[in-house]
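> One structure follows; several queries about it will come next.
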Amino acid sequence: MNLASILFDPVSDKHAKQKSKYTVDRMIPGAFEGETVTRRHFMTGTANVAGIVAAGAFVLPALGFAFGPVFKSTPHRWETVGTVDAFLEDNYLPVVITLTPGIGEAGKTTVYVRKRNPAIDTDPYDRSTRFIAVSDRCAHLGCPVRWVPAAERFICPCHGGVYDLLGRPVGGPPVRPLDRFYTRVVGEEVQVGPRYSVNSELRRFSPRDPGEPLDGVGQYLYPSRPTAQKP
Ligand code: FES
């Protein structure tokens, strides 16, 4: 082989070689004339597809059950809980509102309501804070808390959680203050609306679940549900 042929003869490219699509041409043992997929490949593919379908039949309903409620939005409701004269500035009055209509007692919850008191309520004043409505759902694991007027504390019977007059945790395991509800005055009536969560400075956040802190990185680690909106 001389130098010219080495330099100028085309180099054979093994990748450029076209493979036949027929199994017979590819000299596969047991191949049939006109066959393009071996039986082994065909059976393997069929088994894989069947496996994926079977796994999907189990996994997809479980995922839907787990994550479906996250994306289910509930319509905002406003419920009248009394007249403006019925509530005090220095004590809460328990009222019962319906959170989920149509399921009887299970859809109801207790809310503690009082008139805003400028001497103790330091969070920004707006039309939603003329009356303070505090949820009875403990911010630890969700047990119902009870307002004890003599101690001016909300007490949780489950794990000893204690909250002050503003609903901020002062003892036990709760990770954030008690949730609140938007309020508004229509005529002479006080109405309670959607729930929202607050951090230790009583800054408002979209509703969170119990056990989800809202201070520091907690507000980013536990984002609100996509369907949780302000009214
Ligand atoms: S549920 Fe209230 S302290 Fe645990």
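How things are named: the first chain in the structure tokens is A, the next is B, and so on; residues count from 1 in each chain; ligands count from 1 in the order shown.
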Could you list, with a cut-off of 7 Å and counting only C-alpha atoms and all ligand atoms, the residues of chain A near ligand 1, each shown with its nearest atom pair and the distance in Å rounded to one decimal, rows sorted by chain and ascending number, as JSON lines?

{"residue": "A:Cys138", "atom": "CA", "partner": "ligand 1", "partner_atom_place_in_ligand_line": "2 (Fe)", "distance": 4.7}
{"residue": "A:Ala139", "atom": "CA", "partner": "ligand 1", "partner_atom_place_in_ligand_line": "2 (Fe)", "distance": 6.5}
{"residue": "A:His140", "atom": "CA", "partner": "ligand 1", "partner_atom_place_in_ligand_line": "1 (S)", "distance": 4.6}
{"residue": "A:Leu141", "atom": "CA", "partner": "ligand 1", "partner_atom_place_in_ligand_line": "1 (S)", "distance": 4.0}
{"residue": "A:Gly142", "atom": "CA", "partner": "ligand 1", "partner_atom_place_in_ligand_line": "1 (S)", "distance": 5.0}
{"residue": "A:Cys143", "atom": "CA", "partner": "ligand 1", "partner_atom_place_in_ligand_line": "1 (S)", "distance": 4.5}
{"residue": "A:Val145", "atom": "CA", "partner": "ligand 1", "partner_atom_place_in_ligand_line": "2 (Fe)", "distance": 6.9}
{"residue": "A:Cys156", "atom": "CA", "partner": "ligand 1", "partner_atom_place_in_ligand_line": "2 (Fe)", "distance": 4.7}
{"residue": "A:Pro157", "atom": "CA", "partner": "ligand 1", "partner_atom_place_in_ligand_line": "2 (Fe)", "distance": 6.5}
{"residue": "A:Cys158", "atom": "CA", "partner": "ligand 1", "partner_atom_place_in_ligand_line": "4 (Fe)", "distance": 5.0}
{"residue": "A:His159", "atom": "CA", "partner": "ligand 1", "partner_atom_place_in_ligand_line": "3 (S)", "distance": 3.9}
{"residue": "A:Gly160", "atom": "CA", "partner": "ligand 1", "partner_atom_place_in_ligand_line": "3 (S)", "distance": 5.0}
{"residue": "A:Gly161", "atom": "CA", "partner": "ligand 1", "partner_atom_place_in_ligand_line": "3 (S)", "distance": 3.8}
{"residue": "A:Gly172", "atom": "CA", "partner": "ligand 1", "partner_atom_place_in_ligand_line": "3 (S)", "distance": 6.1}
{"residue": "A:Pro173", "atom": "CA", "partner": "ligand 1", "partner_atom_place_in_ligand_line": "3 (S)", "distance": 5.6}
{"residue": "A:Pro174", "atom": "CA", "partner": "ligand 1", "partner_atom_place_in_ligand_line": "3 (S)", "distance": 5.8}
> Please tabulate, as a Markdown table, the residues of segment 38-151 of chain A that come within 10 Å of segment 195-206 of chain A, each with its closest pair of atoms and the distance in Å to one decimal, counting only C-alpha atoms and ordering rows by chain, then residue number upward.

| residue | atom | partner | partner_atom | distance |
| --- | --- | --- | --- | --- |
| A:His76 | CA | A:Arg195 | CA | 9.4 |
| A:Leu99 | CA | A:Arg195 | CA | 9.5 |
| A:Asp121 | CA | A:Leu202 | CA | 9.7 |
| A:Thr122 | CA | A:Leu202 | CA | 8.7 |
| A:Asp123 | CA | A:Leu202 | CA | 6.3 |
| A:Pro124 | CA | A:Arg203 | CA | 8.7 |
| A:Ala133 | CA | A:Arg195 | CA | 9.2 |
| A:Val134 | CA | A:Arg195 | CA | 9.1 |
| A:Ser135 | CA | A:Arg195 | CA | 8.0 |
| A:Ala139 | CA | A:Ser197 | CA | 9.5 |
> Keeping only N, CA and C atoms, write those residues as a tab-separated table (two decimals), in the first residue's frame.

chain	number	residue	atom	x	y	z
A	76	HIS	N	-65.25	30.16	48.93
A	76	HIS	CA	-65.25	31.00	50.12
A	76	HIS	C	-66.66	31.20	50.63
A	99	LEU	N	-67.65	24.84	58.19
A	99	LEU	CA	-66.53	24.90	57.25
A	99	LEU	C	-66.84	24.14	55.97
A	121	ASP	N	-53.90	44.47	70.38
A	121	ASP	CA	-53.76	43.99	69.00
A	121	ASP	C	-52.84	44.93	68.23
A	122	THR	N	-51.65	44.46	68.02
A	122	THR	CA	-50.63	45.31	67.39
A	122	THR	C	-50.45	45.02	65.90
A	123	ASP	N	-51.12	43.98	65.41
A	123	ASP	CA	-51.01	43.69	63.98
A	123	ASP	C	-51.72	44.79	63.19
A	124	PRO	N	-51.35	44.97	61.92
A	124	PRO	CA	-51.92	46.10	61.15
A	124	PRO	C	-53.44	46.07	61.13
A	133	ALA	N	-61.00	36.72	64.92
A	133	ALA	CA	-61.61	35.39	64.96
A	133	ALA	C	-60.50	34.35	64.92
A	134	VAL	N	-60.35	33.61	66.03
A	134	VAL	CA	-59.25	32.66	66.19
A	134	VAL	C	-59.77	31.24	66.06
A	135	SER	N	-59.05	30.44	65.29
A	135	SER	CA	-59.44	29.04	65.09
A	135	SER	C	-59.18	28.22	66.34
A	139	ALA	N	-52.18	24.32	66.39
A	139	ALA	CA	-51.19	24.40	65.32
A	139	ALA	C	-50.13	23.31	65.45
> Please provide as an MDAnalysis selection string all residues within 9 Å of Val175 of chain A, with the sequence filter that same-chain residues fewer than 5 positions apart are discarded (counting only C-alpha atoms).
chainID A and resid 139:140 169 210:215
> Of the candidates A:Trp147, A:Ala31, A:Val53, A:Phe42, which shows the shortest atom-to-atom distance to Pro94 of chain A, using only C-alpha atoms?
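With only C-alpha atoms as the atom set, the closest residue is A:Trp147.
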> Quick one: residues within 10 Å of Phe181 of chain A, only C-alpha atoms counted, chain neighbours fewer than 2 positions away excluded, as a list in words?
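With the cut-off at 10 Å, the set is Val111, Tyr112, Val113, Ser128, Thr129, Phe131, Ile132, Ala133, Val134, Ser135, Asp179, Thr183, Arg184, Gln191, Val192, Gly193, Pro194, Arg195, Tyr196, Ser197 and Pro207 of chain A.
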> Quick one: pull the distance between atom CA of Ala150 of chain A and atom CA of Asp164 of chain A, Å, one decimal.
12.0 Å
> Which residue is closest to Asp25 of chain A? Choose from A:Phe65, A:Val37, A:Pro149, A:Met43 and count only C-alpha atoms.
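Going through A:Phe65, A:Val37, A:Pro149, A:Met43 one by one, the smallest distance to Asp25 of chain A is for A:Val37.
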> Do you have the atom CA of Arg114 of chain A-atom CA of Val84 of chain A distance handy?
9.6 Å
> Running DSSP on the backbone, which parts of segment 30-177 of chain A land in alpha helix (DSSP H), as a VMD selection string?
chain A and resid 39 to 67
> Keeping only N, CA and C atoms, write the selected residues as a tab-separated table (two decimals), in the first residue's frame.

chain	number	residue	atom	x	y	z
A	39	ARG	N	-38.83	-12.85	18.01
A	39	ARG	CA	-39.91	-13.21	18.95
A	39	ARG	C	-39.51	-12.86	20.38
A	40	ARG	N	-38.21	-12.99	20.66
A	40	ARG	CA	-37.77	-12.67	22.02
A	40	ARG	C	-37.99	-11.19	22.33
A	41	HIS	N	-37.61	-10.33	21.35
A	41	HIS	CA	-37.82	-8.90	21.57
A	41	HIS	C	-39.30	-8.57	21.67
A	42	PHE	N	-40.10	-9.23	20.84
A	42	PHE	CA	-41.53	-8.97	20.85
A	42	PHE	C	-42.14	-9.34	22.21
A	43	MET	N	-41.76	-10.52	22.73
A	43	MET	CA	-42.30	-10.96	24.03
A	43	MET	C	-41.81	-10.07	25.17
A	44	THR	N	-40.53	-9.68	25.07
A	44	THR	CA	-40.00	-8.80	26.13
A	44	THR	C	-40.74	-7.47	26.15
A	45	GLY	N	-40.98	-6.89	24.97
A	45	GLY	CA	-41.70	-5.63	24.89
A	45	GLY	C	-43.12	-5.76	25.40
A	46	THR	N	-43.78	-6.86	25.02
A	46	THR	CA	-45.16	-7.08	25.48
A	46	THR	C	-45.21	-7.19	27.01
A	47	ALA	N	-44.25	-7.94	27.57
A	47	ALA	CA	-44.23	-8.10	29.03
A	47	ALA	C	-43.97	-6.77	29.73
A	48	ASN	N	-43.09	-5.93	29.14
A	48	ASN	CA	-42.80	-4.62	29.75
A	48	ASN	C	-44.03	-3.72	29.73
A	49	VAL	N	-44.74	-3.69	28.61
A	49	VAL	CA	-45.94	-2.86	28.51
A	49	VAL	C	-47.00	-3.33	29.51
A	50	ALA	N	-47.17	-4.66	29.60
A	50	ALA	CA	-48.15	-5.20	30.56
A	50	ALA	C	-47.77	-4.84	31.99
A	51	GLY	N	-46.47	-4.87	32.28
A	51	GLY	CA	-46.00	-4.52	33.62
A	51	GLY	C	-46.28	-3.06	33.93
A	52	ILE	N	-46.04	-2.17	32.94
A	52	ILE	CA	-46.28	-0.74	33.16
A	52	ILE	C	-47.77	-0.48	33.39
A	53	VAL	N	-48.62	-1.14	32.60
A	53	VAL	CA	-50.07	-0.95	32.77
A	53	VAL	C	-50.51	-1.44	34.15
A	54	ALA	N	-50.00	-2.61	34.58
A	54	ALA	CA	-50.39	-3.15	35.88
A	54	ALA	C	-49.91	-2.24	37.02
A	55	ALA	N	-48.66	-1.74	36.90
A	55	ALA	CA	-48.15	-0.84	37.94
A	55	ALA	C	-48.96	0.45	37.98
A	56	GLY	N	-49.30	0.97	36.80
A	56	GLY	CA	-50.10	2.20	36.74
A	56	GLY	C	-51.46	2.04	37.38
A	57	ALA	N	-52.05	0.84	37.25
A	57	ALA	CA	-53.36	0.59	37.84
A	57	ALA	C	-53.32	0.70	39.36
A	58	PHE	N	-52.15	0.42	39.95
A	58	PHE	CA	-52.02	0.54	41.41
A	58	PHE	C	-51.56	1.93	41.82
A	59	VAL	N	-50.57	2.44	41.10
A	59	VAL	CA	-49.90	3.67	41.54
A	59	VAL	C	-50.74	4.92	41.27
A	60	LEU	N	-51.37	5.01	40.09
A	60	LEU	CA	-52.09	6.25	39.75
A	60	LEU	C	-53.25	6.54	40.70
A	61	PRO	N	-54.11	5.54	41.04
A	61	PRO	CA	-55.17	5.85	42.02
A	61	PRO	C	-54.61	6.28	43.37
A	62	ALA	N	-53.49	5.66	43.80
A	62	ALA	CA	-52.90	6.03	45.09
A	62	ALA	C	-52.40	7.47	45.05
A	63	LEU	N	-51.77	7.87	43.94
A	63	LEU	CA	-51.29	9.24	43.81
A	63	LEU	C	-52.46	10.22	43.79
A	64	GLY	N	-53.52	9.85	43.08
A	64	GLY	CA	-54.70	10.71	43.03
A	64	GLY	C	-55.31	10.88	44.39
A	65	PHE	N	-55.36	9.79	45.17
A	65	PHE	CA	-55.93	9.85	46.52
A	65	PHE	C	-55.08	10.73	47.42
A	66	ALA	N	-53.74	10.63	47.25
A	66	ALA	CA	-52.83	11.38	48.13
A	66	ALA	C	-52.81	12.87	47.77
A	67	PHE	N	-52.77	13.18	46.49
A	67	PHE	CA	-52.55	14.58	46.10
A	67	PHE	C	-53.81	15.29	45.61
> Give me, as JSON, numbers by chain, the residues of segment 96-231 of chain A that a backbone DSSP run labels strand (DSSP E or B).
{"A": [96, 97, 98, 108, 109, 110, 111, 112, 113, 114, 115, 131, 132, 133, 134, 135, 137, 144, 146, 147, 148, 153, 154, 155, 162, 163, 169, 170, 171, 180, 181, 182, 183, 184, 185, 186, 189, 190, 191, 192, 193, 194, 195, 196, 197, 198, 204, 205]}
> By how many Å are atom CA of Gly104 of chain A and atom CA of Tyr182 of chain A apart?
22.9 Å
